[in-house]
Structure formats: C-alpha cells, structure tokens
file my_file-v7.csv (CSV, C-alpha atoms)
chain,number,residue,atom,x,y,z
W,1,MET,CA,-18.4,2.9,16.4
W,2,ARG,CA,-15.3,1.1,17.3
W,3,GLU,CA,-15.6,2.2,20.9
W,4,LEU,CA,-19.2,1.0,20.9
W,5,ALA,CA,-18.2,-2.3,19.4
W,6,GLY,CA,-15.6,-2.8,22.2
W,7,ARG,CA,-18.3,-2.1,24.9
W,8,MET,CA,-20.8,-4.4,23.2
W,9,ARG,CA,-18.3,-7.2,22.9
W,10,ALA,CA,-17.9,-7.2,26.7
W,11,ILE,CA,-21.7,-7.5,27.1
W,12,ASP,CA,-22.5,-9.6,24.1
W,13,PRO,CA,-19.6,-11.1,22.0
W,14,GLY,CA,-21.8,-11.7,19.0
W,15,ALA,CA,-23.2,-8.1,18.9
W,16,GLY,CA,-19.8,-6.6,19.5
W,17,ALA,CA,-18.3,-8.6,16.6
W,18,ALA,CA,-21.1,-7.5,14.3
W,19,LEU,CA,-20.6,-3.8,15.2
W,20,GLN,CA,-16.9,-4.3,14.5
W,21,VAL,CA,-17.7,-5.5,11.0
W,22,VAL,CA,-19.9,-2.4,10.4
W,23,ALA,CA,-17.1,-0.1,11.6
W,24,HIS,CA,-14.5,-1.9,9.4
W,25,PHE,CA,-16.6,-1.6,6.2
W,26,ASP,CA,-17.5,2.0,7.0
W,27,ALA,CA,-13.7,2.7,7.3
W,28,LEU,CA,-13.2,1.1,3.9
W,29,VAL,CA,-15.8,3.3,2.3
W,30,GLU,CA,-14.2,6.4,3.9
W,31,ALA,CA,-10.8,5.4,2.6
W,32,ARG,CA,-12.2,4.8,-0.9
W,33,ALA,CA,-10.9,1.2,-0.9
W,34,GLY,CA,-11.1,-0.7,-4.2
W,35,LEU,CA,-13.0,-3.9,-4.9
W,36,GLU,CA,-10.2,-6.4,-4.3
W,37,ALA,CA,-9.3,-4.7,-1.0
W,38,THR,CA,-12.9,-4.8,0.1
W,39,VAL,CA,-13.3,-8.5,-0.7
W,40,ARG,CA,-10.0,-9.2,1.0
W,41,ALA,CA,-11.2,-7.4,4.2
W,42,ALA,CA,-14.3,-9.6,4.2
W,43,ALA,CA,-12.2,-12.8,3.8
W,44,VAL,CA,-9.9,-11.8,6.7
W,45,LEU,CA,-12.8,-10.9,9.0
W,46,ALA,CA,-14.7,-14.1,8.2
W,47,ARG,CA,-11.7,-16.3,8.3
W,48,CYS,CA,-12.9,-18.0,5.2
W,49,ALA,CA,-12.9,-17.3,1.4
W,50,ALA,CA,-15.0,-14.4,0.1
W,51,GLY,CA,-15.9,-13.3,-3.4
W,52,LEU,CA,-17.6,-11.0,-5.8
W,53,VAL,CA,-19.0,-11.6,-9.2
W,54,ALA,CA,-20.5,-8.8,-11.4
W,55,PRO,CA,-21.2,-10.1,-15.0
W,56,GLY,CA,-22.1,-6.7,-16.3
W,57,ARG,CA,-18.6,-5.4,-15.4
W,58,ARG,CA,-17.0,-8.8,-16.2
W,59,LEU,CA,-15.7,-8.9,-12.7
W,60,ARG,CA,-14.9,-12.0,-10.6
W,61,VAL,CA,-12.8,-11.6,-7.4
W,62,ARG,CA,-12.3,-14.3,-4.9
W,63,VAL,CA,-9.9,-14.0,-1.9
W,64,GLU,CA,-8.7,-16.6,0.5
W,65,PRO,CA,-8.6,-15.8,4.3
W,66,ASP,CA,-4.8,-15.4,4.1
W,67,GLY,CA,-5.3,-12.5,1.6
W,68,ARG,CA,-4.3,-14.4,-1.6
W,69,ARG,CA,-6.5,-13.9,-4.7
W,70,VAL,CA,-7.5,-17.4,-5.9
W,71,ASP,CA,-10.1,-18.2,-8.6
W,72,GLY,CA,-13.2,-20.2,-7.6
W,73,GLU,CA,-16.9,-20.5,-8.0
W,74,VAL,CA,-19.7,-19.0,-5.9
W,75,ALA,CA,-20.3,-21.1,-2.7
W,76,GLY,CA,-21.7,-20.6,0.8
W,77,LEU,CA,-23.8,-17.6,1.8
W,78,SER,CA,-24.4,-15.1,-1.0
W,79,VAL,CA,-26.3,-11.8,-1.3
W,80,PRO,CA,-27.2,-10.1,-4.6
W,81,LEU,CA,-26.2,-6.6,-5.5
W,82,PRO,CA,-29.3,-4.4,-6.2
W,83,GLY,CA,-29.0,-2.6,-9.5
W,84,TYR,CA,-26.4,-4.9,-11.0
W,85,ALA,CA,-28.0,-7.9,-12.9
W,86,GLY,CA,-26.5,-11.2,-11.8
W,87,ALA,CA,-24.0,-9.6,-9.4
W,88,LEU,CA,-23.5,-11.0,-5.9
W,89,VAL,CA,-21.1,-11.3,-3.1
W,90,TRP,CA,-20.5,-14.4,-0.9
W,91,VAL,CA,-18.6,-15.9,2.0
W,92,GLU,CA,-17.6,-19.6,1.9
W,93,ARG,CA,-18.1,-21.0,5.3
W,94,MET,CA,-18.5,-24.7,4.6
W,95,ALA,CA,-19.3,-25.9,8.1
W,96,ASP,CA,-21.6,-24.6,10.7
W,97,GLU,CA,-19.8,-22.9,13.6
W,98,PRO,CA,-21.6,-21.9,16.8
W,99,GLY,CA,-22.5,-18.2,16.7
W,100,ARG,CA,-21.2,-17.6,13.2
W,101,ALA,CA,-24.5,-17.6,11.2
W,102,GLU,CA,-25.6,-14.1,12.4
W,103,PHE,CA,-22.0,-12.8,12.1
W,104,ASP,CA,-21.8,-14.1,8.5
W,105,ARG,CA,-25.2,-12.5,7.6
W,106,VAL,CA,-24.1,-9.1,8.9
W,107,LEU,CA,-20.7,-9.4,7.2
W,108,VAL,CA,-22.0,-10.4,3.8
W,109,ASP,CA,-24.7,-7.7,3.9
W,110,ARG,CA,-22.1,-5.0,4.7
W,111,LEU,CA,-19.8,-6.5,2.0
W,112,ALA,CA,-22.6,-6.1,-0.5
W,113,ALA,CA,-23.4,-2.5,0.5
W,114,THR,CA,-19.7,-1.6,0.3
W,115,VAL,CA,-19.1,-3.2,-3.1
W,116,GLY,CA,-22.2,-1.5,-4.4
W,117,ILE,CA,-20.8,1.9,-3.3
W,118,VAL,CA,-17.5,1.1,-5.1
W,119,LEU,CA,-19.2,0.0,-8.2
W,120,ASP,CA,-21.4,3.2,-8.2
W,121,ARG,CA,-18.3,5.3,-7.6
W,122,THR,CA,-16.4,3.8,-10.5
W,123,GLY,CA,-19.4,3.4,-12.9
W,124,ALA,CA,-19.5,4.2,-16.6
W,125,GLY,CA,-20.8,7.7,-15.9
W,126,PHE,CA,-17.8,8.7,-13.7
W,127,PRO,CA,-19.9,10.5,-11.1
W,128,SER,CA,-16.8,11.8,-9.4
W,129,GLY,CA,-15.2,13.2,-12.5
W,130,ASP,CA,-11.5,12.7,-13.3
W,131,ALA,CA,-10.8,11.2,-9.8
W,132,ALA,CA,-13.0,8.3,-10.6
W,133,ALA,CA,-11.3,7.8,-13.9
W,134,VAL,CA,-7.9,7.7,-12.2
W,135,GLU,CA,-9.2,5.2,-9.6
W,136,LEU,CA,-10.5,2.9,-12.4
W,137,LEU,CA,-7.2,2.9,-14.2
W,138,VAL,CA,-5.1,1.8,-11.2
W,139,ASP,CA,-7.7,-0.9,-10.1
W,140,ALA,CA,-6.6,-4.3,-11.4
W,141,THR,CA,-10.1,-5.7,-11.0
W,142,ALA,CA,-11.8,-3.1,-13.2
W,143,TYR,CA,-13.5,-4.1,-16.4
W,144,GLU,CA,-11.3,-3.4,-19.4
W,145,ALA,CA,-13.9,-1.4,-21.3
W,146,ALA,CA,-14.4,0.8,-18.3
W,147,ARG,CA,-10.7,1.3,-18.0
W,148,LEU,CA,-10.4,2.3,-21.7
W,149,ALA,CA,-13.3,4.7,-21.3
W,150,ALA,CA,-11.5,6.2,-18.2
W,151,ALA,CA,-8.4,6.7,-20.3
W,152,ARG,CA,-10.3,8.5,-23.0
W,153,ARG,CA,-11.9,10.8,-20.4
W,154,LEU,CA,-8.4,11.7,-19.2
W,155,GLY,CA,-7.1,12.1,-22.7
W,156,LEU,CA,-4.7,9.2,-22.4
W,157,SER,CA,-3.9,7.3,-25.6
W,158,PRO,CA,-4.2,3.5,-25.3
W,159,GLU,CA,-0.9,3.2,-27.1
W,160,GLY,CA,1.0,5.6,-24.8
W,161,SER,CA,3.3,5.0,-21.9
W,162,PHE,CA,2.4,6.4,-18.5
W,163,VAL,CA,3.7,6.8,-14.9
W,164,VAL,CA,1.6,6.7,-11.7
W,165,THR,CA,2.7,9.1,-8.9
W,166,VAL,CA,1.4,8.8,-5.4
W,167,CYS,CA,1.8,11.6,-2.8
W,168,ALA,CA,1.3,11.4,1.0
W,169,GLY,CA,-0.5,14.7,1.6
W,170,GLY,CA,0.0,18.0,-0.1
W,171,PRO,CA,-2.1,19.7,-2.8
W,172,HIS,CA,-4.8,17.9,-4.8
W,173,PRO,CA,-3.9,18.8,-8.4
W,174,PRO,CA,-6.5,18.7,-11.2
W,175,GLY,CA,-7.2,15.2,-12.5
W,176,ALA,CA,-5.9,13.5,-9.3
W,177,ALA,CA,-7.7,10.9,-7.2
W,178,ARG,CA,-7.6,10.7,-3.4
W,179,LEU,CA,-7.4,7.0,-2.6
W,180,GLY,CA,-7.3,6.6,1.2
W,181,GLY,CA,-4.6,8.9,2.5
W,182,LEU,CA,-2.8,9.1,-0.9
W,183,VAL,CA,-3.2,11.6,-3.8
W,184,VAL,CA,-2.8,9.6,-7.1
W,185,THR,CA,-2.0,11.1,-10.5
W,186,ILE,CA,-1.3,9.5,-13.9
W,187,ASP,CA,0.9,11.4,-16.4
W,188,PRO,CA,2.6,10.6,-19.7
W,189,ALA,CA,6.1,9.1,-19.3
W,190,GLY,CA,8.7,11.9,-19.1
W,191,SER,CA,6.3,14.5,-17.6
W,192,PRO,CA,7.7,16.4,-14.5
W,193,ALA,CA,6.4,15.1,-11.2
W,194,ARG,CA,3.5,17.1,-9.8
W,195,ALA,CA,4.5,16.7,-6.1
W,196,GLY,CA,5.9,19.7,-4.1
W,197,PRO,CA,9.4,19.3,-2.7
W,198,ALA,CA,8.2,19.1,0.9
W,199,VAL,CA,5.7,16.3,0.2
W,200,ARG,CA,6.5,12.6,0.3
W,201,SER,CA,5.9,11.1,-3.1
W,202,ALA,CA,6.9,8.2,-5.3
W,203,SER,CA,6.5,7.2,-8.9
W,204,GLY,CA,6.0,3.8,-10.4
W,205,PRO,CA,7.8,2.6,-13.6
W,206,ALA,CA,6.6,3.8,-17.0
W,207,VAL,CA,4.1,1.3,-18.4
W,208,ALA,CA,1.5,0.7,-21.0
W,209,LEU,CA,-2.1,1.6,-20.1
W,210,ARG,CA,-3.1,-1.9,-19.2
W,211,ASP,CA,-0.2,-2.2,-16.7
W,212,LEU,CA,-1.1,1.0,-14.7
W,213,PRO,CA,-2.2,-1.1,-11.6
W,214,GLU,CA,1.3,-2.6,-11.5
W,215,SER,CA,2.9,0.9,-11.7
W,216,TYR,CA,0.6,2.1,-8.9
W,217,GLY,CA,1.5,-0.9,-6.7
W,218,GLN,CA,5.2,-0.2,-7.1
W,219,ALA,CA,4.7,3.5,-6.5
W,220,VAL,CA,3.0,2.7,-3.2
W,221,LEU,CA,5.8,0.5,-2.1
W,222,ALA,CA,8.4,3.1,-3.2
W,223,LEU,CA,6.6,5.7,-1.1
W,224,ARG,CA,7.5,3.7,2.0
W,225,LEU,CA,11.2,4.5,1.3
W,226,THR,CA,10.7,8.3,1.4
W,227,ALA,CA,11.4,10.6,4.3
W,228,VAL,CA,10.6,14.1,5.3
W,229,ASP,CA,11.3,14.5,9.0
W,230,GLU,CA,14.6,12.6,8.9
W,231,PRO,CA,17.5,12.2,6.4
W,232,GLY,CA,16.5,10.6,3.2
W,233,PRO,CA,14.7,11.4,-0.1
W,234,SER,CA,11.3,13.0,-0.2
W,235,HIS,CA,10.7,11.4,-3.7
W,236,VAL,CA,11.6,7.9,-4.8
W,237,ASP,CA,11.3,6.5,-8.3
W,238,ALA,CA,10.4,2.8,-8.2
W,239,ALA,CA,12.3,2.2,-11.4
W,240,GLU,CA,15.5,3.5,-9.8
W,241,VAL,CA,15.3,1.4,-6.6
W,242,GLY,CA,14.3,-1.8,-8.5
W,243,GLY,CA,14.7,-5.0,-6.5
W,244,LEU,CA,14.9,-3.1,-3.2
W,245,LEU,CA,11.1,-3.0,-3.2
W,246,ALA,CA,11.1,-6.8,-2.8
W,247,LEU,CA,12.5,-6.2,0.7
W,248,ALA,CA,9.0,-5.0,1.8
W,249,ASP,CA,7.8,-8.6,1.7
W,250,GLY,CA,10.5,-9.7,4.2
W,251,CYS,CA,10.7,-6.6,6.4
W,252,ASP,CA,8.9,-8.4,9.2
W,253,SER,CA,11.0,-11.6,9.1
W,254,PRO,CA,13.0,-12.5,12.3
W,255,ALA,CA,16.3,-11.7,10.5
W,256,ALA,CA,15.0,-8.3,9.3
W,257,ALA,CA,13.6,-7.5,12.7
W,258,ALA,CA,16.9,-8.3,14.4
W,259,GLU,CA,18.9,-6.3,11.9
W,260,VAL,CA,16.7,-3.2,12.3
W,261,THR,CA,16.7,-3.5,16.1
W,262,HIS,CA,20.5,-3.6,16.1
W,263,LEU,CA,20.6,-0.5,13.9
W,264,GLU,CA,18.1,1.4,16.0
W,265,ARG,CA,20.2,0.8,19.1
W,266,VAL,CA,23.1,2.4,17.4
W,267,LEU,CA,21.0,5.3,16.1
W,268,ALA,CA,19.6,6.0,19.6
W,269,ALA,CA,23.1,6.2,21.1
W,270,HIS,CA,24.4,8.8,18.5
W,271,PRO,CA,22.1,11.6,17.3
W,272,TRP,CA,24.2,12.2,14.2
W,273,ALA,CA,24.3,8.5,13.2
W,274,LEU,CA,21.3,8.3,10.9
W,275,ALA,CA,22.4,11.3,8.8
W,276,THR,CA,25.9,9.9,8.6
W,277,LEU,CA,24.9,6.4,7.6
W,278,THR,CA,22.4,7.6,5.1
W,279,ALA,CA,25.0,9.8,3.4
W,280,VAL,CA,27.6,7.0,3.5
W,281,ALA,CA,25.2,4.6,1.8
W,282,ALA,CA,24.0,7.1,-0.8
W,283,GLU,CA,27.2,8.9,-1.8
W,284,PRO,CA,30.0,7.4,-4.0
W,285,SER,CA,32.8,8.1,-1.5
W,286,LEU,CA,33.5,9.3,2.0
W,287,ARG,CA,34.6,12.7,0.7
W,288,ALA,CA,31.4,13.1,-1.2
W,289,ALA,CA,29.4,12.0,2.0
W,290,ALA,CA,31.4,14.5,4.0
W,291,ALA,CA,30.5,17.3,1.6
W,292,ALA,CA,26.9,16.3,1.7
W,293,LEU,CA,26.9,16.5,5.5
W,294,HIS,CA,29.0,19.7,5.6
W,295,VAL,CA,31.7,18.2,7.8
W,296,HIS,CA,35.4,17.7,7.4
W,297,HIS,CA,36.3,14.3,5.9
W,298,SER,CA,38.5,13.5,8.9
W,299,THR,CA,35.5,14.1,11.2
W,300,LEU,CA,33.4,11.8,9.1
W,301,GLN,CA,36.1,9.1,9.1
W,302,SER,CA,36.1,9.2,12.9
W,303,ARG,CA,32.3,8.8,13.0
W,304,VAL,CA,32.4,6.0,10.5
W,305,ASP,CA,35.0,4.1,12.5
W,306,LEU,CA,32.9,4.5,15.6
W,307,LEU,CA,29.7,3.4,13.9
W,308,ALA,CA,31.4,0.4,12.2
W,309,GLN,CA,32.6,-0.7,15.6
W,310,ALA,CA,29.1,-0.3,17.1
W,311,LEU,CA,27.4,-2.1,14.3
W,312,GLY,CA,30.0,-4.9,14.0
W,313,TYR,CA,30.8,-4.4,10.3
W,314,GLY,CA,32.5,-1.8,8.2
W,315,PHE,CA,31.3,0.1,5.1
W,316,ALA,CA,34.5,0.2,3.1
W,317,THR,CA,33.8,-3.1,1.3
W,318,PRO,CA,31.0,-3.8,-1.2
W,319,ALA,CA,29.5,-6.3,1.2
W,320,GLY,CA,29.5,-3.8,4.1
W,321,ARG,CA,27.9,-1.1,2.0
W,322,THR,CA,25.3,-3.5,0.8
W,323,ARG,CA,24.4,-4.6,4.3
W,324,LEU,CA,24.2,-1.0,5.5
W,325,THR,CA,21.9,-0.1,2.5
W,326,VAL,CA,19.7,-3.1,3.2
W,327,ALA,CA,19.5,-2.3,6.9
W,328,LEU,CA,18.4,1.3,6.2
W,329,VAL,CA,15.8,0.1,3.6
W,330,LEU,CA,14.4,-2.5,6.0
W,331,ARG,CA,14.1,0.2,8.7
W,332,ARG,CA,12.1,2.5,6.3
W,333,PHE,CA,9.8,-0.3,5.4
W,334,ARG,CA,9.2,-1.3,9.0
W,335,ARG,CA,8.5,2.4,10.0
W,336,SER,CA,6.2,3.3,7.2
W,337,ARG,CA,3.3,0.8,6.9

call {"tool": "encode", "arguments": {"input": "my_file-v7.csv", "output": "structure tokens"}}
result
Amino acid sequence: MRELAGRMRAIDPGAGAALQVVAHFDALVEARAGLEATVRAAAVLARCAAGLVAPGRRLRVRVEPDGRRVDGEVAGLSVPLPGYAGALVWVERMADEPGRAEFDRVLVDRLAATVGIVLDRTGAGFPSGDAAAVELLVDATAYEAARLAAARRLGLSPEGSFVVTVCAGGPHPPGAARLGGLVVTIDPAGSPARAGPAVRSASGPAVALRDLPESYGQAVLALRLTAVDEPGPSHVDAAEVGGLLALADGCDSPAAAAEVTHLERVLAAHPWALATLTAVAAEPSLRAAAAALHVHHSTLQSRVDLLAQALGYGFATPAGRTRLTVALVLRRFRRSR
C-alpha cells in the first residue's frame, strides 16, 4: 500500500496522499494502537486538531497537530461511529484549503473505522480475552467502569498495587497482551518478572489500579535503556532509574546530539570502549569494574586514561561520572526509538 501510495503521489498528489492515509491507519490497526494514539495520528496527518467523543464509554479525546492532548468541543468535519450512540470523530480544519476537502473526508472516514475497531476490541465483552483486559487497563482513555471490569476479569483487586512489565519479543505468557511489538503483563507488586533472561524487558513502578497507564508509560521508556547485543542490562526497573527517564524528552536536542556524536566517535575508534565505559559507570569502583570486565585493574586504568583523554573529561570525579552516565543514557534513548 505504501509503495502504491508513492507511485500515485507522482501521478496524482491528492490520490497518493489519500492512499498514504489508508496505509497509515491500516498500520495502526495491525499494531493494535490505542484510542489516543489513533486520534493523535489523525491530527498529525491532517495538520489540524482531531477528536473523538463516545458518550457510552464516557470518552472524549482531542489532540492538537503537535501531538498534545487538549480539551475542546466538536468542530469541523465529523463522522458518526456506527453502533455507538452519539459517538463520532472529527477533524477541525477551520479554513478551506485547496485540495484538502477530499483528503479530510478520507482521513476522517479511516479515523472512524479505526476507532470503531479499537472500541470493539476493548468492549465490555472482552472479545480477545485477557489480552483485551490488559490493554484496557493500560489505556488512559478507557472508561473507568470498563477498566474495573477488566481488573475483575484478571482477578486484580481494586485496592491492590501492581506493576506493568513490557517485553520486546520473547514468549507470550498467559494473560499478556501484545501491543504493537511489545508483550505487556500486569502482576501484583513483588511478583517475579515473567521475562526470560535473553529478552529485553522493563517494569514500571508499583502503582494503584487507576495509575496503571502511568506505570505502562514509564515501563516503555525504561525499555529503551535495555540492551541485548551490546553491554548493558537486559531488564530495567523504571523505579530504580527514576529521573533518568526524563532524558528521553531531550535526547534529540542539539546538546544531546553533540554529546552522543562525540561518544560514538570514541566508541568507533576502540572496540572495547563501550564495555569499559558501561562498567565504569555502573560499578562502584575501578577494581569492581575490572572484575566485571575480567581484566587486571592496571589494564583497566590504562584504558580509562586513554578514554578520558579522547572524551575530554575524566571519570574519577562525581561530575565526570555523571556526565558519562548521562552520555550513555542519551545514546541508548537515541538508538532505541
């Protein structure tokens, strides 16, 4: 579909853009995207605000074209959702733009179809079993009564404390949901993680039932700090890394890009540099880092001196270790979107 859209755009820009919209929403359905992600995609594609209202689910989602969720009323071009009384989706183009009317009609129709699929998938009957219940519990836009029903289906007490774990690949354990490329599980706080040692995984903080979407969001961010094919942890607990997750928001800033580019040049020049720097940042002392790397401490000291000279700062001071840790974290965030 994307290849066809590219060809059609060369012949007829309007038709090509419409096919691109169809392909984009088809991809959202395949990835099992949630309601807010679907409305956000519509707003970004339309370059104007888009929204959804479903009175029966007590849902109202409105997203600005920059991706921010902002409350607002129905406006612009709207389409009802068959089977959901009073429910509709809309895009808010306030002024006529040449060639946009047909594009908007295709977009809002595909938005309505995709939202209908998501609502059906996460409906009160749980047609997909436990996976649908998990998906509802981590969706911040879901109706509270539906979330409580989902918790009862999974045997989770409304008064309990729970942890969301996300895995990139690996087995699909009972009661898990596959959201896009991630396997998501919800377990009582203190339960052992259900990810295998070779699978990248991350856990959110322990939270009450109503805060599971927040735990899920932090787990997804923490997953970006994991590693399998290079030195680093295969599992990260968001509660342990804390404020480091905030670096994800700034990982594309000019300062972050410059810091990571500088680090990558040094890593490219020395094959052992990443393992060395990772151990130095993680271990409490150089001797402990040498033991983790299985090298003599004098060998490690020589390597550290060389890397400090190449990077332009040392790691013996708290400021140097902090800068190194931040640089490594920024590199992970930039490499794992």

call {"tool": "residues_near_point", "arguments": {"input": "my_file-v7.csv", "point": "(6.6, 3.0, -21.5)", "cutoff": "10 Å", "atoms": "only C-alpha atoms", "output": "MDAnalysis selection string"}}
result
chainID W and resid 159:163 188:190 205:209 211

call {"tool": "closest_residue", "arguments": {"input": "my_file-v7.csv", "among": "W:Ala275, W:Leu307, W:Leu119, W:Ala316", "to": "His294 (chain W)", "atoms": "all atoms listed in the file"}}
result
W:Ala275

call {"tool": "atom_distance", "arguments": {"input": "my_file-v7.csv", "atom1": "CA of Arg178 (chain W)", "atom2": "CA of Ser234 (chain W)"}}
result
19.3 Å

call {"tool": "residues_around", "arguments": {"input": "my_file-v7.csv", "residues": "region 73-81 of chain W", "least_positions_apart": "5", "cutoff": "6 Å", "atoms": "all atoms listed in the file", "output": "ChimeraX atom specification"}}
result
/W:87-93

call {"tool": "residues_around", "arguments": {"input": "my_file-v7.csv", "residues": "Leu247 (chain W)", "least_positions_apart": "2", "cutoff": "10 Å", "atoms": "all atoms listed in the file", "output": "mmCIF file with C-alpha atoms, keeping the file's coordinate frame"}}
result
data_model
loop_
_atom_site.group_PDB
_atom_site.id
_atom_site.type_symbol
_atom_site.label_atom_id
_atom_site.label_comp_id
_atom_site.auth_asym_id
_atom_site.auth_seq_id
_atom_site.Cartn_x
_atom_site.Cartn_y
_atom_site.Cartn_z
ATOM 1 C CA LEU W 221 5.800 0.500 -2.100
ATOM 2 C CA GLY W 243 14.700 -5.000 -6.500
ATOM 3 C CA LEU W 244 14.900 -3.100 -3.200
ATOM 4 C CA LEU W 245 11.100 -3.000 -3.200
ATOM 5 C CA ASP W 249 7.800 -8.600 1.700
ATOM 6 C CA GLY W 250 10.500 -9.700 4.200
ATOM 7 C CA CYS W 251 10.700 -6.600 6.400
ATOM 8 C CA ASP W 252 8.900 -8.400 9.200
ATOM 9 C CA ALA W 256 15.000 -8.300 9.300
ATOM 10 C CA VAL W 326 19.700 -3.100 3.200
ATOM 11 C CA VAL W 329 15.800 0.100 3.600
ATOM 12 C CA LEU W 330 14.400 -2.500 6.000
ATOM 13 C CA PHE W 333 9.800 -0.300 5.400
#

call {"tool": "closest_residue", "arguments": {"input": "my_file-v7.csv", "among": "W:Ala310, W:Ser215, W:Thr165, W:Thr114", "to": "Ala268 (chain W)", "atoms": "all atoms listed in the file"}}
result
W:Ala310

call {"tool": "closest_residue", "arguments": {"input": "my_file-v7.csv", "among": "W:Leu19, W:Arg332, W:Leu28, W:Val108", "to": "Ala42 (chain W)", "atoms": "all atoms listed in the file"}}
result
W:Val108

call {"tool": "atom_distance", "arguments": {"input": "my_file-v7.csv", "atom1": "CA of Pro65 (chain W)", "atom2": "CA of Arg147 (chain W)"}}
result
28.2 Å

call {"tool": "atom_distance", "arguments": {"input": "my_file-v7.csv", "atom1": "CA of Arg153 (chain W)", "atom2": "CA of Glu214 (chain W)"}}
result
20.8 Å

call {"tool": "residues_near_point", "arguments": {"input": "my_file-v7.csv", "point": "(13.7, 9.0, -8.6)", "cutoff": "10 Å", "atoms": "only C-alpha atoms", "output": "ChimeraX atom specification"}}
result
/W:193,201-204,222,233-241

call {"tool": "closest_residue", "arguments": {"input": "my_file-v7.csv", "among": "W:Arg200, W:Arg40, W:Arg287, W:His296", "to": "Arg68 (chain W)", "atoms": "all atoms listed in the file"}}
result
W:Arg40

call {"tool": "closest_residue", "arguments": {"input": "my_file-v7.csv", "among": "W:Pro82, W:Gly72, W:Gly116, W:Gly312", "to": "Leu35 (chain W)", "atoms": "only C-alpha atoms"}}
result
W:Gly116

call {"tool": "residues_around", "arguments": {"input": "my_file-v7.csv", "residues": "Ala41 (chain W)", "least_positions_apart": "5", "cutoff": "9 Å", "atoms": "all atoms listed in the file", "output": "list in words"}}
result
His24, Phe25, Leu28, Glu36, Ala46, Ala50, Pro65, Gly67 and Leu111 of chain W

call {"tool": "closest_residue", "arguments": {"input": "my_file-v7.csv", "among": "W:Gly155, W:Val228, W:Ala37, W:Gln309", "to": "Asp139 (chain W)", "atoms": "all atoms listed in the file"}}
result
W:Ala37

call {"tool": "residues_around", "arguments": {"input": "my_file-v7.csv", "residues": "region 257-260 of chain W", "least_positions_apart": "3", "cutoff": "9 Å", "atoms": "only C-alpha atoms", "output": "list of chain:residue names"}}
result
W:Cys251, W:Asp252, W:Ser253, W:Pro254, W:Leu263, W:Glu264, W:Arg265, W:Ala327, W:Leu328, W:Leu330, W:Arg331, W:Arg334

call {"tool": "build_atoms", "arguments": {"input": "my_file-v7.csv", "residues": "region 48-54 of chain W", "atoms": "all heavy atoms", "output": "short mmCIF file (atom, residue, chain, number, x, y, z; two decimals), keeping the file's coordinate frame"}}
result
data_model
loop_
_atom_site.label_atom_id
_atom_site.label_comp_id
_atom_site.auth_asym_id
_atom_site.auth_seq_id
_atom_site.Cartn_x
_atom_site.Cartn_y
_atom_site.Cartn_z
N CYS W 48 -12.64 -17.08 6.23
CA CYS W 48 -12.90 -18.00 5.20
C CYS W 48 -12.95 -17.25 3.86
O CYS W 48 -12.97 -16.02 3.86
CB CYS W 48 -14.25 -18.77 5.40
SG CYS W 48 -15.71 -17.72 5.33
N ALA W 49 -12.92 -17.94 2.73
CA ALA W 49 -12.90 -17.30 1.40
C ALA W 49 -14.12 -16.40 1.23
O ALA W 49 -15.21 -16.71 1.71
CB ALA W 49 -12.74 -18.28 0.32
N ALA W 50 -13.93 -15.30 0.51
CA ALA W 50 -15.00 -14.40 0.10
C ALA W 50 -14.88 -14.03 -1.32
O ALA W 50 -13.78 -14.11 -1.88
CB ALA W 50 -15.03 -13.16 1.02
N GLY W 51 -15.99 -13.64 -1.94
CA GLY W 51 -15.90 -13.30 -3.40
C GLY W 51 -16.94 -12.35 -3.84
O GLY W 51 -17.88 -11.98 -3.12
N LEU W 52 -16.75 -11.93 -5.09
CA LEU W 52 -17.60 -11.00 -5.80
C LEU W 52 -17.70 -11.42 -7.23
O LEU W 52 -16.67 -11.74 -7.84
CB LEU W 52 -17.08 -9.57 -5.67
CG LEU W 52 -17.40 -8.59 -6.81
CD1 LEU W 52 -18.87 -8.19 -6.76
CD2 LEU W 52 -16.51 -7.35 -6.74
N VAL W 53 -18.88 -11.42 -7.81
CA VAL W 53 -19.00 -11.60 -9.20
C VAL W 53 -20.02 -10.56 -9.75
O VAL W 53 -21.06 -10.33 -9.13
CB VAL W 53 -19.51 -13.04 -9.60
CG1 VAL W 53 -20.86 -13.35 -8.97
CG2 VAL W 53 -19.59 -13.22 -11.11
N ALA W 54 -19.64 -9.86 -10.83
CA ALA W 54 -20.50 -8.80 -11.40
C ALA W 54 -20.42 -9.01 -12.95
O ALA W 54 -19.53 -8.45 -13.61
CB ALA W 54 -20.03 -7.44 -11.02
#
